[in-house]
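**Q** Structure below; questions to follow.
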Amino acid sequence: MADAAPRELMALLQQFTVETDRYVDTISVRDALHRTDLNALGIMMGAARAGATVTPGMLRQALNLSSPATTALIDRLDEAGHVRRSRSSVDRRQVHLEMTEKALATGTRLFTPLAREVEQSLAEFTPEELALLSRMMRKVTDATVHAREHAMDEAPG
């Protein structure tokens with residue numbers, strides 16, 4: 001019986017991932033944005049929160065894209081008014097990417113309904129339960145990153 005709880009939790013995490021993907025697919029189609037564009041904006045938002053500078057190389061690596069695909073992505077985001085390119089003041093060869101106010105407004109419009117629903121579902125938990133859930137999600141996320149890195153190490157070629 002003790003083994004049933006971790007299996008159920010794994011199944012719930014998998015279901016959460018599927019439902020999150022379905023939500024992103026729905027808003028991507030509805031708002032005519034590529035899924036990769038939304039992922040790039042999410043990465044850029046996280047970098048901005050961390051005070052990190054986003055470069056094309058960083059996006060390429062984070063999204064596992066080829067250089068041409070990264071260029072196409074940045075061109076789409078630029079043409080849509082979601083990013084602004086600028087040259088580094090330290091090394092003029094390096095391009096920095098910044099999210100625009102339009103991108104922030106679009107992200108807010110697209111993801112606020114999901115955030116509102118999730119916040120409502122978490123409201124019934126005590127601060128201690130939320131702390132435990134946060135700890136669990138950090139550990140699960142770290143384990144997922146580790147598994148991805150391990151899979152990359154074992155990739156053929």
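By convention in this document, the chains of the structure tokens carry letters A, B, ... by their order, each chain's residues are numbered from 1, and ligands are numbered from 1 in the order they are shown.
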May I have the residues within 12 Å of A:Asp21 as number ranges by chain, using only C-alpha atoms and disregarding those fewer than 5 positions away in the same chain?

**A** A: 14-16, 26-28, 35-36, 38-39, 114

**Q** Please identify the alpha helix (DSSP H) residues within stretch 35-105 of chain A (assignment by DSSP from backbone atoms) and present them as a ChimeraX atom specification.

**A** /A:35-50,56-63,67-79,101-105

**Q** Report the distance between atom CA of A:Arg85 and atom CA of A:Ala69 in Å, rounded to one decimal place.

**A** 16.6 Å

**Q** So which one's closest to A:Met136, A:Leu104, A:Arg49, A:Ala4, A:Leu13? Using only C-alpha atoms, please.

**A**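 When distances to A:Met136 are compared using only C-alpha atoms, the smallest one comes from A:Leu13.
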
**Q** Could you go through chain A and tell me which residues DSSP, when run on the backbone, assigns to strand (DSSP E), listing them as a PyMOL selection string?

**A** chain A and resi 83-87+95-99

**Q** Which is closest to A:Glu101 among A:Leu41, A:His82, A:Glu117, A:Lys139, if we use only C-alpha atoms?

**A**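 So, comparing all the options, the nearest one is A:His82.
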
**Q** I want to know what sits within 12 Å of stretch 142-149 of chain A, based on only C-alpha atoms, with residues of the same chain fewer than 4 positions away left out; could you give that as number ranges by chain?

**A** A: 13-14, 62, 64, 135-138, 153-155

**Q** Using all heavy atoms, can you export the residues from the last selection as a PDB file, in the first residue's frame?

**A**
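Output saved as again21.pdb:
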ATOM      1  N   LEU A  13       1.014  14.133 -11.357  1.00  0.00           N
ATOM      2  CA  LEU A  13       1.983  15.065 -11.954  1.00  0.00           C
ATOM      3  C   LEU A  13       1.957  14.959 -13.478  1.00  0.00           C
ATOM      4  O   LEU A  13       2.017  15.968 -14.183  1.00  0.00           O
ATOM      5  CB  LEU A  13       3.391  14.806 -11.416  1.00  0.00           C
ATOM      6  CG  LEU A  13       3.642  15.262  -9.984  1.00  0.00           C
ATOM      7  CD1 LEU A  13       4.967  14.702  -9.483  1.00  0.00           C
ATOM      8  CD2 LEU A  13       3.625  16.779  -9.881  1.00  0.00           C
ATOM      9  N   GLN A  14       1.863  13.734 -13.968  1.00  0.00           N
ATOM     10  CA  GLN A  14       1.783  13.534 -15.412  1.00  0.00           C
ATOM     11  C   GLN A  14       0.504  14.164 -15.964  1.00  0.00           C
ATOM     12  O   GLN A  14       0.525  14.853 -16.986  1.00  0.00           O
ATOM     13  CB  GLN A  14       1.820  12.040 -15.750  1.00  0.00           C
ATOM     14  CG  GLN A  14       1.772  11.772 -17.231  1.00  0.00           C
ATOM     15  CD  GLN A  14       1.776  10.286 -17.539  1.00  0.00           C
ATOM     16  OE1 GLN A  14       1.404   9.462 -16.720  1.00  0.00           O
ATOM     17  NE2 GLN A  14       2.198   9.956 -18.743  1.00  0.00           N
ATOM     18  N   ALA A  62      18.229  26.860 -24.207  1.00  0.00           N
ATOM     19  CA  ALA A  62      17.097  26.572 -23.319  1.00  0.00           C
ATOM     20  C   ALA A  62      15.971  25.856 -24.049  1.00  0.00           C
ATOM     21  O   ALA A  62      15.279  25.017 -23.466  1.00  0.00           O
ATOM     22  CB  ALA A  62      16.587  27.867 -22.698  1.00  0.00           C
ATOM     23  N   ASN A  64      16.465  24.155 -26.958  1.00  0.00           N
ATOM     24  CA  ASN A  64      17.040  23.067 -27.752  1.00  0.00           C
ATOM     25  C   ASN A  64      16.726  23.254 -29.240  1.00  0.00           C
ATOM     26  O   ASN A  64      16.215  22.344 -29.908  1.00  0.00           O
ATOM     27  CB  ASN A  64      16.548  21.708 -27.252  1.00  0.00           C
ATOM     28  CG  ASN A  64      17.394  20.568 -27.777  1.00  0.00           C
ATOM     29  OD1 ASN A  64      18.579  20.737 -28.049  1.00  0.00           O
ATOM     30  ND2 ASN A  64      16.796  19.403 -27.928  1.00  0.00           N
ATOM     31  N   ARG A 135       8.275  22.618  -1.456  1.00  0.00           N
ATOM     32  CA  ARG A 135       9.492  21.795  -1.336  1.00  0.00           C
ATOM     33  C   ARG A 135       9.417  20.598  -2.276  1.00  0.00           C
ATOM     34  O   ARG A 135      10.373  20.281  -2.980  1.00  0.00           O
ATOM     35  CB  ARG A 135       9.653  21.332   0.114  1.00  0.00           C
ATOM     36  CG  ARG A 135      10.905  20.542   0.345  1.00  0.00           C
ATOM     37  CD  ARG A 135      11.119  20.290   1.851  1.00  0.00           C
ATOM     38  NE  ARG A 135      11.903  19.098   1.976  1.00  0.00           N
ATOM     39  CZ  ARG A 135      11.478  17.957   2.499  1.00  0.00           C
ATOM     40  NH1 ARG A 135      10.275  17.863   3.012  1.00  0.00           N
ATOM     41  NH2 ARG A 135      12.261  16.912   2.549  1.00  0.00           N
ATOM     42  N   MET A 136       8.253  19.941  -2.326  1.00  0.00           N
ATOM     43  CA  MET A 136       8.083  18.786  -3.204  1.00  0.00           C
ATOM     44  C   MET A 136       8.270  19.189  -4.665  1.00  0.00           C
ATOM     45  O   MET A 136       8.972  18.526  -5.420  1.00  0.00           O
ATOM     46  CB  MET A 136       6.708  18.155  -3.015  1.00  0.00           C
ATOM     47  CG  MET A 136       6.514  16.897  -3.849  1.00  0.00           C
ATOM     48  SD  MET A 136       4.825  16.601  -4.390  1.00  0.00           S
ATOM     49  CE  MET A 136       4.552  17.875  -5.568  1.00  0.00           C
ATOM     50  N   MET A 137       7.643  20.315  -5.073  1.00  0.00           N
ATOM     51  CA  MET A 137       7.739  20.737  -6.473  1.00  0.00           C
ATOM     52  C   MET A 137       9.170  21.119  -6.842  1.00  0.00           C
ATOM     53  O   MET A 137       9.615  20.839  -7.957  1.00  0.00           O
ATOM     54  CB  MET A 137       6.776  21.898  -6.748  1.00  0.00           C
ATOM     55  CG  MET A 137       5.309  21.472  -6.756  1.00  0.00           C
ATOM     56  SD  MET A 137       4.922  20.107  -7.904  1.00  0.00           S
ATOM     57  CE  MET A 137       5.351  20.833  -9.466  1.00  0.00           C
ATOM     58  N   ARG A 138       9.911  21.745  -5.924  1.00  0.00           N
ATOM     59  CA  ARG A 138      11.328  22.044  -6.199  1.00  0.00           C
ATOM     60  C   ARG A 138      12.107  20.757  -6.414  1.00  0.00           C
ATOM     61  O   ARG A 138      12.907  20.646  -7.343  1.00  0.00           O
ATOM     62  CB  ARG A 138      11.939  22.849  -5.048  1.00  0.00           C
ATOM     63  CG  ARG A 138      11.731  24.338  -5.154  1.00  0.00           C
ATOM     64  CD  ARG A 138      12.591  25.118  -4.171  1.00  0.00           C
ATOM     65  NE  ARG A 138      12.327  24.781  -2.776  1.00  0.00           N
ATOM     66  CZ  ARG A 138      11.335  25.279  -2.046  1.00  0.00           C
ATOM     67  NH1 ARG A 138      10.511  26.146  -2.574  1.00  0.00           N
ATOM     68  NH2 ARG A 138      11.188  24.919  -0.792  1.00  0.00           N
ATOM     69  N   ASP A 153      23.222  13.391 -21.995  1.00  0.00           N
ATOM     70  CA  ASP A 153      24.541  12.760 -21.929  1.00  0.00           C
ATOM     71  C   ASP A 153      24.561  11.428 -22.651  1.00  0.00           C
ATOM     72  O   ASP A 153      25.579  11.014 -23.201  1.00  0.00           O
ATOM     73  CB  ASP A 153      24.989  12.554 -20.483  1.00  0.00           C
ATOM     74  CG  ASP A 153      25.301  13.868 -19.772  1.00  0.00           C
ATOM     75  OD1 ASP A 153      25.501  14.888 -20.471  1.00  0.00           O
ATOM     76  OD2 ASP A 153      25.325  13.868 -18.527  1.00  0.00           O
ATOM     77  N   GLU A 154      23.405  10.740 -22.644  1.00  0.00           N
ATOM     78  CA  GLU A 154      23.320   9.420 -23.258  1.00  0.00           C
ATOM     79  C   GLU A 154      22.864   9.462 -24.712  1.00  0.00           C
ATOM     80  O   GLU A 154      22.766   8.430 -25.346  1.00  0.00           O
ATOM     81  CB  GLU A 154      22.347   8.544 -22.456  1.00  0.00           C
ATOM     82  CG  GLU A 154      22.847   8.191 -21.067  1.00  0.00           C
ATOM     83  CD  GLU A 154      21.859   7.302 -20.330  1.00  0.00           C
ATOM     84  OE1 GLU A 154      20.699   7.175 -20.757  1.00  0.00           O
ATOM     85  OE2 GLU A 154      22.274   6.732 -19.318  1.00  0.00           O
ATOM     86  N   ALA A 155      22.588  10.662 -25.216  1.00  0.00           N
ATOM     87  CA  ALA A 155      22.093  10.791 -26.582  1.00  0.00           C
ATOM     88  C   ALA A 155      23.133  10.289 -27.581  1.00  0.00           C
ATOM     89  O   ALA A 155      24.328  10.556 -27.422  1.00  0.00           O
ATOM     90  CB  ALA A 155      21.734  12.247 -26.893  1.00  0.00           C
TER      91      ALA A 155
END

**Q** In Å, with one decimal, what is the gap from atom CA of A:Gly57 to atom CA of A:Thr112?

**A**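 Between these atoms lies a distance of 29.0 Å.
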
**Q** Env of A:Ser86: 10 Å cut, atoms = only C-alpha atoms, seq-sep filter 2 positions within chain, self excluded. Answer as JSON, numbers by chain.

**A** {"A": [55, 83, 84, 88, 89, 92, 94, 95, 96, 97, 98]}

**Q** Just to confirm, what's the straight-line distance from atom CA of A:Leu110 to atom CA of A:Gly46 in Å (one decimal)?

**A**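 Here the two named atoms are 16.2 Å from each other.
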
**Q** When you look at A:Pro113 with a cut-off of 12 Å (counting only C-alpha atoms), what residues show up, excluding the ones that are within fewer than 6 positions of it in the same chain? I need them as a list in words.

**A**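 Neighbouring residues, sequence-local ones excluded: Tyr23, Val24, Ile27, Gly107, Glu119 and Gln120 of chain A.
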
**Q** Within 9 Å of A:Thr71, counting only C-alpha atoms, which residues show up once you throw out same-chain ones fewer than 4 positions away? Write them as JSON, numbers by chain, please.

**A** {"A": [56, 60, 66, 67, 75, 76]}

**Q** Would you list the contacts of A:Leu59 as an NGL selection string, taking every protein, DNA or RNA residue within 9 Å and counting only C-alpha atoms, but skipping same-chain residues closer than 6 positions in sequence?

**A** :A and (40 or 43-44 or 65 or 70)
